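Engineer: PDB, C-alpha atoms, saved as my_file_27.pdb, coming up:
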MODEL        1
ATOM      1  CA  MET A  99       2.789  16.253 -20.283
ATOM      2  CA  GLU A 100      -0.776  15.104 -20.069
ATOM      3  CA  LEU A 101      -1.707  11.536 -19.282
ATOM      4  CA  LEU A 102      -5.432  12.173 -19.282
ATOM      5  CA  PRO A 103      -7.178  15.313 -20.525
ATOM      6  CA  HIS A 104      -5.986  18.124 -18.212
ATOM      7  CA  ILE A 105      -4.257  15.663 -15.884
ATOM      8  CA  THR A 106      -0.475  15.660 -16.021
ATOM      9  CA  ILE A 107       2.105  13.329 -14.575
ATOM     10  CA  ASP A 108       2.599  15.849 -11.764
ATOM     11  CA  HIS A 109      -0.963  15.354 -10.541
ATOM     12  CA  TYR A 110      -0.294  11.675 -10.112
ATOM     13  CA  LEU A 111       3.054  12.287  -8.433
ATOM     14  CA  TYR A 112       1.508  14.682  -5.920
ATOM     15  CA  PHE A 113      -1.299  12.240  -5.228
ATOM     16  CA  SER A 114       1.224   9.469  -4.697
ATOM     17  CA  THR A 115       3.261  11.727  -2.384
ATOM     18  CA  VAL A 116       0.250  12.562  -0.233
ATOM     19  CA  LEU A 117      -0.630   8.894   0.142
ATOM     20  CA  PHE A 118       2.959   8.015   1.034
ATOM     21  CA  CYS A 119       3.201  10.788   3.632
ATOM     22  CA  LEU A 120      -0.116   9.677   5.132
ATOM     23  CA  GLY A 121       1.386   6.230   5.527
ATOM     24  CA  VAL A 122       4.439   7.666   7.284
ATOM     25  CA  ALA A 123       2.278   9.803   9.569
ATOM     26  CA  GLY A 124       0.147   6.792  10.410
ATOM     27  CA  ILE A 125       3.188   4.795  11.466
ATOM     28  CA  MET A 126       4.269   7.656  13.719
ATOM     29  CA  TYR A 127       0.791   8.211  15.118
ATOM     30  CA  ARG A 128      -0.622   4.761  15.769
ATOM     31  CA  ARG A 129       0.688   2.328  18.357
ATOM     32  CA  ASN A 130      -1.208  -0.751  17.254
ATOM     33  CA  ALA A 131       1.117  -2.994  15.249
ATOM     34  CA  ILE A 132      -1.689  -4.177  12.948
ATOM     35  CA  ILE A 133      -2.564  -0.611  11.972
ATOM     36  CA  MET A 134       1.116   0.113  11.419
ATOM     37  CA  PHE A 135       1.223  -2.818   9.009
ATOM     38  CA  MET A 136      -1.702  -1.346   7.135
ATOM     39  CA  CYS A 137       0.153   1.945   6.873
ATOM     40  CA  VAL A 138       3.065   0.090   5.280
ATOM     41  CA  GLU A 139       0.630  -1.320   2.730
ATOM     42  CA  LEU A 140      -0.599   2.196   2.024
ATOM     43  CA  MET A 141       2.957   3.385   1.360
ATOM     44  CA  LEU A 142       3.625   0.496  -1.011
ATOM     45  CA  ASN A 143       0.461   1.356  -2.919
ATOM     46  CA  ALA A 144       1.432   4.999  -3.149
ATOM     47  CA  VAL A 145       4.621   3.948  -4.918
ATOM     48  CA  ASN A 146       2.592   1.661  -7.179
ATOM     49  CA  VAL A 147       0.421   4.578  -8.298
ATOM     50  CA  ALA A 148       3.511   6.561  -9.269
ATOM     51  CA  LEU A 149       4.921   3.603 -11.188
ATOM     52  CA  VAL A 150       1.708   3.054 -13.141
ATOM     53  CA  ALA A 151       1.572   6.758 -13.988
ATOM     54  CA  PHE A 152       5.144   6.587 -15.316
ATOM     55  CA  SER A 153       4.222   3.489 -17.292
ATOM     56  CA  LYS A 154       1.432   5.433 -18.979
ATOM     57  CA  MET A 155       3.784   8.369 -19.558
ATOM     58  CA  TYR A 156       6.370   6.275 -21.384
ATOM     59  CA  GLY A 157       3.842   3.963 -23.001
ATOM     60  CA  GLN A 158       5.691   0.852 -21.882
ATOM     61  CA  THR A 159       4.608  -2.024 -19.704
ATOM     62  CA  ASP A 160       7.849  -2.491 -17.746
ATOM     63  CA  ALA A 161       6.698  -0.387 -14.815
ATOM     64  CA  GLN A 162       3.485  -2.374 -14.626
ATOM     65  CA  VAL A 163       5.538  -5.533 -14.264
ATOM     66  CA  PHE A 164       7.376  -3.816 -11.403
ATOM     67  CA  VAL A 165       4.034  -3.066  -9.762
ATOM     68  CA  PHE A 166       3.128  -6.701 -10.164
ATOM     69  CA  PHE A 167       6.293  -7.750  -8.316
ATOM     70  CA  ILE A 168       5.684  -5.188  -5.576
ATOM     71  CA  MET A 169       2.266  -6.745  -5.039
ATOM     72  CA  VAL A 170       3.895 -10.189  -4.837
ATOM     73  CA  VAL A 171       6.383  -9.051  -2.216
ATOM     74  CA  ALA A 172       3.660  -7.233  -0.258
ATOM     75  CA  ALA A 173       1.552 -10.379  -0.135
ATOM     76  CA  ALA A 174       4.468 -12.457   1.139
ATOM     77  CA  GLU A 175       5.361  -9.784   3.678
ATOM     78  CA  VAL A 176       1.821  -9.635   5.035
ATOM     79  CA  ALA A 177       1.641 -13.397   5.438
ATOM     80  CA  VAL A 178       4.849 -13.553   7.475
ATOM     81  CA  GLY A 179       4.235 -10.318   9.364
ATOM     82  CA  LEU A 180       0.764 -11.280  10.517
ATOM     83  CA  ALA A 181       2.089 -14.672  11.626
ATOM     84  CA  ILE A 182       4.709 -12.850  13.709
ATOM     85  CA  LEU A 183       1.993 -10.645  15.190
ATOM     86  CA  MET A 184      -0.111 -13.684  16.086
ATOM     87  CA  MET A 185       2.843 -15.237  17.869
ATOM     88  CA  LEU A 186       3.618 -11.993  19.675
ATOM     89  CA  TYR A 187       0.034 -11.768  20.844
ATOM     90  CA  ARG A 188       0.120 -15.345  22.036
ATOM     91  CA  ASN A 189       3.214 -14.725  24.128
ATOM     92  CA  MET A 190       2.808 -11.107  25.220
ATOM     93  CA  HIS A 191      -0.998 -10.667  24.982
ATOM     94  CA  THR A 192      -0.708  -7.330  23.257
ATOM     95  CA  THR A 193       0.109  -5.767  19.897
ATOM     96  CA  ASP A 194       0.857  -2.366  21.363
ATOM     97  CA  THR A 195       4.314  -1.261  20.316
ATOM     98  CA  ASP A 196       4.743   0.757  23.506
ATOM     99  CA  VAL A 197       4.684  -2.519  25.434
ATOM    100  CA  LEU A 198       6.744  -4.501  22.939
ATOM    101  CA  ASP A 199       9.949  -2.583  23.596
ATOM    102  CA  LYS A 200      12.417  -5.327  24.541
ATOM    103  CA  LEU A 201      14.751  -4.506  21.671
ATOM    104  CA  LYS A 202      14.608  -0.797  22.398
ATOM    105  CA  PHE A 203      17.915   0.792  23.328
TER     106      PHE A 203
ATOM    107  CA  MET B 116     -13.802  15.934 -19.166
ATOM    108  CA  LEU B 117     -15.341  12.897 -17.601
ATOM    109  CA  THR B 118     -11.960  11.345 -16.944
ATOM    110  CA  GLU B 119     -10.833  14.557 -15.268
ATOM    111  CA  TYR B 120     -13.762  14.455 -12.871
ATOM    112  CA  ALA B 121     -13.131  10.774 -12.286
ATOM    113  CA  PHE B 122      -9.504  11.535 -11.413
ATOM    114  CA  TRP B 123     -10.427  14.145  -8.810
ATOM    115  CA  PHE B 124     -13.216  12.037  -7.352
ATOM    116  CA  LEU B 125     -10.987   8.977  -6.979
ATOM    117  CA  THR B 126      -8.162  11.089  -5.556
ATOM    118  CA  PHE B 127     -10.325  12.631  -2.852
ATOM    119  CA  VAL B 128     -11.913   9.312  -1.969
ATOM    120  CA  ALA B 129      -8.493   7.702  -1.649
ATOM    121  CA  ILE B 130      -6.982  10.461   0.466
ATOM    122  CA  PHE B 131      -9.912  10.926   2.814
ATOM    123  CA  SER B 132     -10.403   7.252   3.428
ATOM    124  CA  ALA B 133      -6.654   6.959   4.096
ATOM    125  CA  ILE B 134      -7.019   9.701   6.698
ATOM    126  CA  GLY B 135      -9.989   7.826   8.123
ATOM    127  CA  MET B 136      -7.879   4.685   8.289
ATOM    128  CA  ILE B 137      -5.287   6.459  10.408
ATOM    129  CA  LEU B 138      -7.696   8.275  12.697
ATOM    130  CA  SER B 139     -10.422   5.739  13.415
ATOM    131  CA  LYS B 140     -10.285   4.160  16.845
ATOM    132  CA  ASN B 141     -11.757   0.821  15.868
ATOM    133  CA  PRO B 142      -9.326  -1.386  13.873
ATOM    134  CA  VAL B 143     -12.173  -2.918  11.851
ATOM    135  CA  TYR B 144     -13.147   0.525  10.601
ATOM    136  CA  SER B 145      -9.502   1.122   9.754
ATOM    137  CA  VAL B 146      -9.467  -1.982   7.580
ATOM    138  CA  LEU B 147     -12.703  -0.997   5.845
ATOM    139  CA  SER B 148     -11.367   2.502   5.129
ATOM    140  CA  LEU B 149      -8.201   1.021   3.681
ATOM    141  CA  ILE B 150     -10.309  -1.218   1.421
ATOM    142  CA  VAL B 151     -12.087   1.912   0.123
ATOM    143  CA  THR B 152      -8.674   3.461  -0.537
ATOM    144  CA  PHE B 153      -7.601   0.382  -2.458
ATOM    145  CA  PHE B 154     -10.727   0.457  -4.608
ATOM    146  CA  ALA B 155     -10.042   4.091  -5.434
ATOM    147  CA  ILE B 156      -6.466   3.205  -6.395
ATOM    148  CA  ALA B 157      -7.814   0.417  -8.602
ATOM    149  CA  GLY B 158      -9.985   3.038 -10.289
ATOM    150  CA  HIS B 159      -6.867   5.083 -10.951
ATOM    151  CA  TYR B 160      -5.281   2.052 -12.582
ATOM    152  CA  PHE B 161      -8.309   1.775 -14.866
ATOM    153  CA  LEU B 162      -7.928   5.410 -15.841
ATOM    154  CA  LEU B 163      -4.251   4.808 -16.603
ATOM    155  CA  ASN B 164      -4.914   1.915 -19.022
ATOM    156  CA  ALA B 165      -3.722  -0.733 -16.595
ATOM    157  CA  GLN B 166      -6.773  -2.966 -16.591
ATOM    158  CA  PHE B 167      -4.958  -6.126 -15.644
ATOM    159  CA  LEU B 168      -3.283  -4.435 -12.699
ATOM    160  CA  ALA B 169      -6.609  -3.004 -11.545
ATOM    161  CA  ALA B 170      -8.159  -6.456 -11.503
ATOM    162  CA  VAL B 171      -5.161  -8.005  -9.772
ATOM    163  CA  HIS B 172      -5.107  -5.150  -7.280
ATOM    164  CA  ILE B 173      -8.718  -5.726  -6.278
ATOM    165  CA  ILE B 174      -8.281  -9.484  -6.101
ATOM    166  CA  VAL B 175      -5.023  -9.456  -4.148
ATOM    167  CA  TYR B 176      -5.534  -6.486  -1.841
ATOM    168  CA  ALA B 177      -9.274  -6.228  -1.208
ATOM    169  CA  GLY B 178      -9.830  -9.932  -1.659
ATOM    170  CA  ALA B 179      -6.879 -11.542   0.084
ATOM    171  CA  ILE B 180      -4.708  -9.215   2.123
ATOM    172  CA  MET B 181      -7.425  -7.191   3.814
ATOM    173  CA  VAL B 182      -9.407 -10.329   4.579
ATOM    174  CA  LEU B 183      -6.269 -11.664   6.232
ATOM    175  CA  PHE B 184      -6.067  -8.470   8.283
ATOM    176  CA  LEU B 185      -9.724  -8.820   9.278
ATOM    177  CA  TYR B 186      -9.166 -12.418  10.350
ATOM    178  CA  VAL B 187      -6.166 -11.483  12.484
ATOM    179  CA  ILE B 188      -8.092  -8.621  14.107
ATOM    180  CA  MET B 189     -10.929 -11.026  14.794
ATOM    181  CA  MET B 190      -8.620 -13.659  16.291
ATOM    182  CA  LEU B 191      -6.760 -11.149  18.427
ATOM    183  CA  ASN B 192     -10.131  -9.812  19.576
ATOM    184  CA  GLN B 193      -9.297  -6.182  18.946
ATOM    185  CA  ASN B 194     -12.700  -4.840  18.060
ATOM    186  CA  GLU B 195     -12.364  -2.289  20.809
ATOM    187  CA  ALA B 196      -9.205  -0.255  20.494
ATOM    188  CA  ASP B 197      -7.139  -0.453  23.653
ATOM    189  CA  GLU B 198      -4.996   2.523  22.864
ATOM    190  CA  GLU B 199      -4.832   4.763  25.847
ATOM    191  CA  LYS B 200      -3.988   8.424  25.729
ATOM    192  CA  ARG B 201      -1.211   9.033  23.295
ATOM    193  CA  SER B 202       1.110  11.792  24.270
ATOM    194  CA  ASN B 203       0.947  15.033  22.365
ATOM    195  CA  TRP B 204       4.550  14.318  21.496
ATOM    196  CA  SER B 205       3.643  11.465  19.175
ATOM    197  CA  LYS B 206       0.873  13.500  17.533
ATOM    198  CA  LEU B 207       3.328  16.325  16.977
ATOM    199  CA  LEU B 208       5.875  13.895  15.590
ATOM    200  CA  ALA B 209       3.325  12.435  13.198
ATOM    201  CA  ALA B 210       2.167  15.850  11.978
ATOM    202  CA  ALA B 211       5.745  17.063  11.608
ATOM    203  CA  SER B 212       6.870  13.997   9.677
ATOM    204  CA  PHE B 213       3.844  14.278   7.396
ATOM    205  CA  GLY B 214       4.393  17.978   6.743
ATOM    206  CA  ILE B 215       8.130  17.895   6.275
ATOM    207  CA  LEU B 216       8.129  14.861   4.021
ATOM    208  CA  LEU B 217       5.280  16.313   1.973
ATOM    209  CA  ILE B 218       7.112  19.618   1.525
ATOM    210  CA  VAL B 219      10.390  17.967   0.567
ATOM    211  CA  ILE B 220       8.947  15.555  -1.994
ATOM    212  CA  SER B 221       6.574  18.164  -3.417
ATOM    213  CA  ALA B 222       9.470  20.558  -3.865
ATOM    214  CA  ALA B 223      11.419  17.849  -5.648
ATOM    215  CA  ILE B 224       8.482  17.155  -7.968
ATOM    216  CA  GLY B 225       7.862  20.849  -8.580
ATOM    217  CA  HIS B 226      11.458  21.569  -9.508
ATOM    218  CA  GLY B 227      11.859  18.570 -11.764
ATOM    219  CA  HIS B 228      10.799  18.839 -15.352
ATOM    220  CA  ALA B 229       8.544  16.117 -16.596
ATOM    221  CA  LYS B 230      10.347  15.252 -19.763
ATOM    222  CA  GLU B 231       8.471  15.544 -22.982
ATOM    223  CA  VAL B 232       8.375  11.971 -24.026
ATOM    224  CA  ALA B 233       7.344  10.883 -27.452
ATOM    225  CA  ILE B 234       4.575   8.497 -26.660
ATOM    226  CA  THR B 235       4.807   5.289 -28.599
ATOM    227  CA  GLN B 236       1.585   3.850 -27.341
ATOM    228  CA  GLN B 237       0.679   0.428 -28.627
ATOM    229  CA  ALA B 238      -2.985  -0.120 -29.272
ATOM    230  CA  ALA B 239      -3.238  -2.847 -26.649
ATOM    231  CA  PHE B 240      -1.118  -1.121 -24.022
ATOM    232  CA  GLY B 241      -1.660  -2.436 -20.508
ATOM    233  CA  THR B 242      -3.877  -5.335 -21.388
ATOM    234  CA  THR B 243      -3.389  -8.803 -20.014
ATOM    235  CA  GLU B 244      -1.839  -9.916 -23.269
ATOM    236  CA  THR B 245       0.974  -7.349 -23.445
ATOM    237  CA  LEU B 246       1.678  -7.609 -19.734
ATOM    238  CA  GLY B 247       1.755 -11.392 -19.947
ATOM    239  CA  ILE B 248       4.162 -11.354 -22.877
ATOM    240  CA  SER B 249       6.420  -8.945 -21.028
ATOM    241  CA  LEU B 250       6.204 -10.995 -17.840
ATOM    242  CA  TYR B 251       6.991 -14.321 -19.489
ATOM    243  CA  LYS B 252       9.676 -13.061 -21.873
ATOM    244  CA  GLU B 253      11.799 -10.328 -20.311
ATOM    245  CA  PHE B 254      10.936 -10.958 -16.673
ATOM    246  CA  LEU B 255      10.760 -14.728 -16.656
ATOM    247  CA  VAL B 256      13.587 -15.259 -14.150
ATOM    248  CA  PRO B 257      12.269 -12.775 -11.533
ATOM    249  CA  PHE B 258       8.834 -14.295 -12.002
ATOM    250  CA  GLU B 259      10.156 -17.757 -11.209
ATOM    251  CA  ILE B 260      12.199 -16.473  -8.275
ATOM    252  CA  SER B 261       9.101 -14.841  -6.823
ATOM    253  CA  SER B 262       7.550 -18.287  -6.590
ATOM    254  CA  VAL B 263      10.471 -19.301  -4.359
ATOM    255  CA  LEU B 264       9.762 -16.199  -2.269
ATOM    256  CA  PHE B 265       6.156 -17.275  -1.892
ATOM    257  CA  LEU B 266       7.207 -20.760  -0.862
ATOM    258  CA  ALA B 267       9.543 -19.303   1.770
ATOM    259  CA  ALA B 268       6.813 -16.973   3.023
ATOM    260  CA  MET B 269       4.340 -19.825   3.257
ATOM    261  CA  VAL B 270       6.749 -22.067   5.157
ATOM    262  CA  GLY B 271       7.673 -19.171   7.418
ATOM    263  CA  ALA B 272       4.066 -18.300   8.196
ATOM    264  CA  VAL B 273       3.198 -21.905   9.016
ATOM    265  CA  TYR B 274       6.326 -22.347  11.124
ATOM    266  CA  LEU B 275       5.692 -19.152  13.089
ATOM    267  CA  SER B 276       2.075 -20.053  13.712
ATOM    268  CA  LYS B 277       2.820 -23.460  15.202
ATOM    269  CA  LYS B 278       1.926 -23.542  18.826
ATOM    270  CA  GLU B 279       4.422 -25.608  20.750
ATOM    271  CA  GLN B 280       7.908 -24.404  20.087
ATOM    272  CA  TYR B 281       8.123 -21.081  21.922
ATOM    273  CA  ASN B 282       7.210 -22.106  25.492
TER     274      ASN B 282
ENDMDL
END
Before we go any further, please render this structure as structure tokens.

Structural biologist:
Amino acid sequence: MELLPHITIDHYLYFSTVLFCLGVAGIMYRRNAIIMFMCVELMLNAVNVALVAFSKMYGQTDAQVFVFFIMVVAAAEVAVGLAILMMLYRNMHTTDTDVLDKLKF
Amino acid sequence: MLTEYAFWFLTFVAIFSAIGMILSKNPVYSVLSLIVTFFAIAGHYFLLNAQFLAAVHIIVYAGAIMVLFLYVIMMLNQNEADEEKRSNWSKLLAAASFGILLIVISAAIGHGHAKEVAITQQAAFGTTETLGISLYKEFLVPFEISSVLFLAAMVGAVYLSKKEQYN
């Protein structure tokens, strides 16, 4: 079914999938914890795009409220996560996850 | 026709700047690329009749979260990336996880049938008014609980950032 002229829900789902997979690949590829955080943000936004597309498809605002709550949780997560990174840097003088491997089995 | 072009333009901008975010060596350039991606996503929200979400997205992500990232990068003095040679193993792992996940989810989307839904579109769908009514009527309790979440996050961030307690 078409959300815009010639643009179906599948277009949006594929777009959202590509963004999500780019986020996953970034987490695998990068070793800097700050960049990894940004990749998590990218994945959250990919899901948001899919939710907004579904909201348009069904013509209801519920999914948009979900997106709103995802943004709320992402903001809270970034505040705490960056504070943890600051503290890690203060104690270990790095944000490289190859060095921060004390919990690694 | 115009909206179709806008869709493809915004999609390519979003995807290529996301790739740039992953591949750029300098973390500041990564943040700027991610901001471009977020603006493109906000454009998608406009196309999908979610004006309020587009505005909130720009304000919260480009205005607050990415500025926070820039401040942390500035304070940790990471303008020059100190990543040494990554092994080919991690590149291979990244490419494999990207490819496999993309194939699996795309196959799932391709085999599913997008149901033919009878659209009951209100005239003011997605505006601040309808979203606000939905947020304050049906979703009032989660909305209030999210304020507790924010309080906890704020206290946690301040507590973690205090200097003295961990040696």

Engineer: Spell out the residues picked by the PyMOL selection byres ((chain B and resi 174-177) around 8) here, as a compact mmCIF listing (two decimals) with C-alpha atoms, in the coordinates of the input.

Structural biologist:
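For reference, expr_10.txt as written:
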# COMPACT_ATOMS: atom_id res chain seq x y z
CA MET A 169 2.27 -6.74 -5.04
CA ALA A 173 1.55 -10.38 -0.14
CA ILE B 150 -10.31 -1.22 1.42
CA PHE B 153 -7.60 0.38 -2.46
CA PHE B 154 -10.73 0.46 -4.61
CA ALA B 170 -8.16 -6.46 -11.50
CA VAL B 171 -5.16 -8.01 -9.77
CA HIS B 172 -5.11 -5.15 -7.28
CA ILE B 173 -8.72 -5.73 -6.28
CA GLY B 178 -9.83 -9.93 -1.66
CA ALA B 179 -6.88 -11.54 0.08
CA ILE B 180 -4.71 -9.22 2.12
CA MET B 181 -7.42 -7.19 3.81
CA VAL B 182 -9.41 -10.33 4.58

Engineer: Can you list what the PyMOL selection byres ((chain B and resi 259-271) around 10) grabs from this structure, as a VMD selection string?

Structural biologist: (chain A and resid 167 170 to 171 173 to 179 181 to 182) or (chain B and resid 251 254 to 258 272 to 276)

Engineer: Give me the result of the PyMOL selection byres ((chain B and resi 141-149) around 8) on this file, residue by residue, as a PyMOL selection string.

Structural biologist: (chain A and resi 133+136+140) or (chain B and resi 132-133+135-140+150-153+181+184-185+188+193-196)

Engineer: Give me the residues within 8 Å of stretch 219-221 of chain B as a list in words, counting all atoms listed in the file and dropping any in the same chain fewer than 4 places off.

Structural biologist: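 Neighbouring residues, sequence-local ones excluded: Tyr112 and Thr115 of chain A; Ile215 and Gly225 of chain B.
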
Engineer: Which distance in Å separates atom CA of B:Met190 and atom CA of A:Arg128, to one decimal?

Structural biologist: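 Result for atom CA of B:Met190 versus atom CA of A:Arg128: 20.1 Å, one decimal.
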
Engineer: Nearest to chain B among A:Leu198, A:Leu180, A:Ile168, A:Ala148, with distances taken over only C-alpha atoms: which residue is it?

Structural biologist: A:Leu180
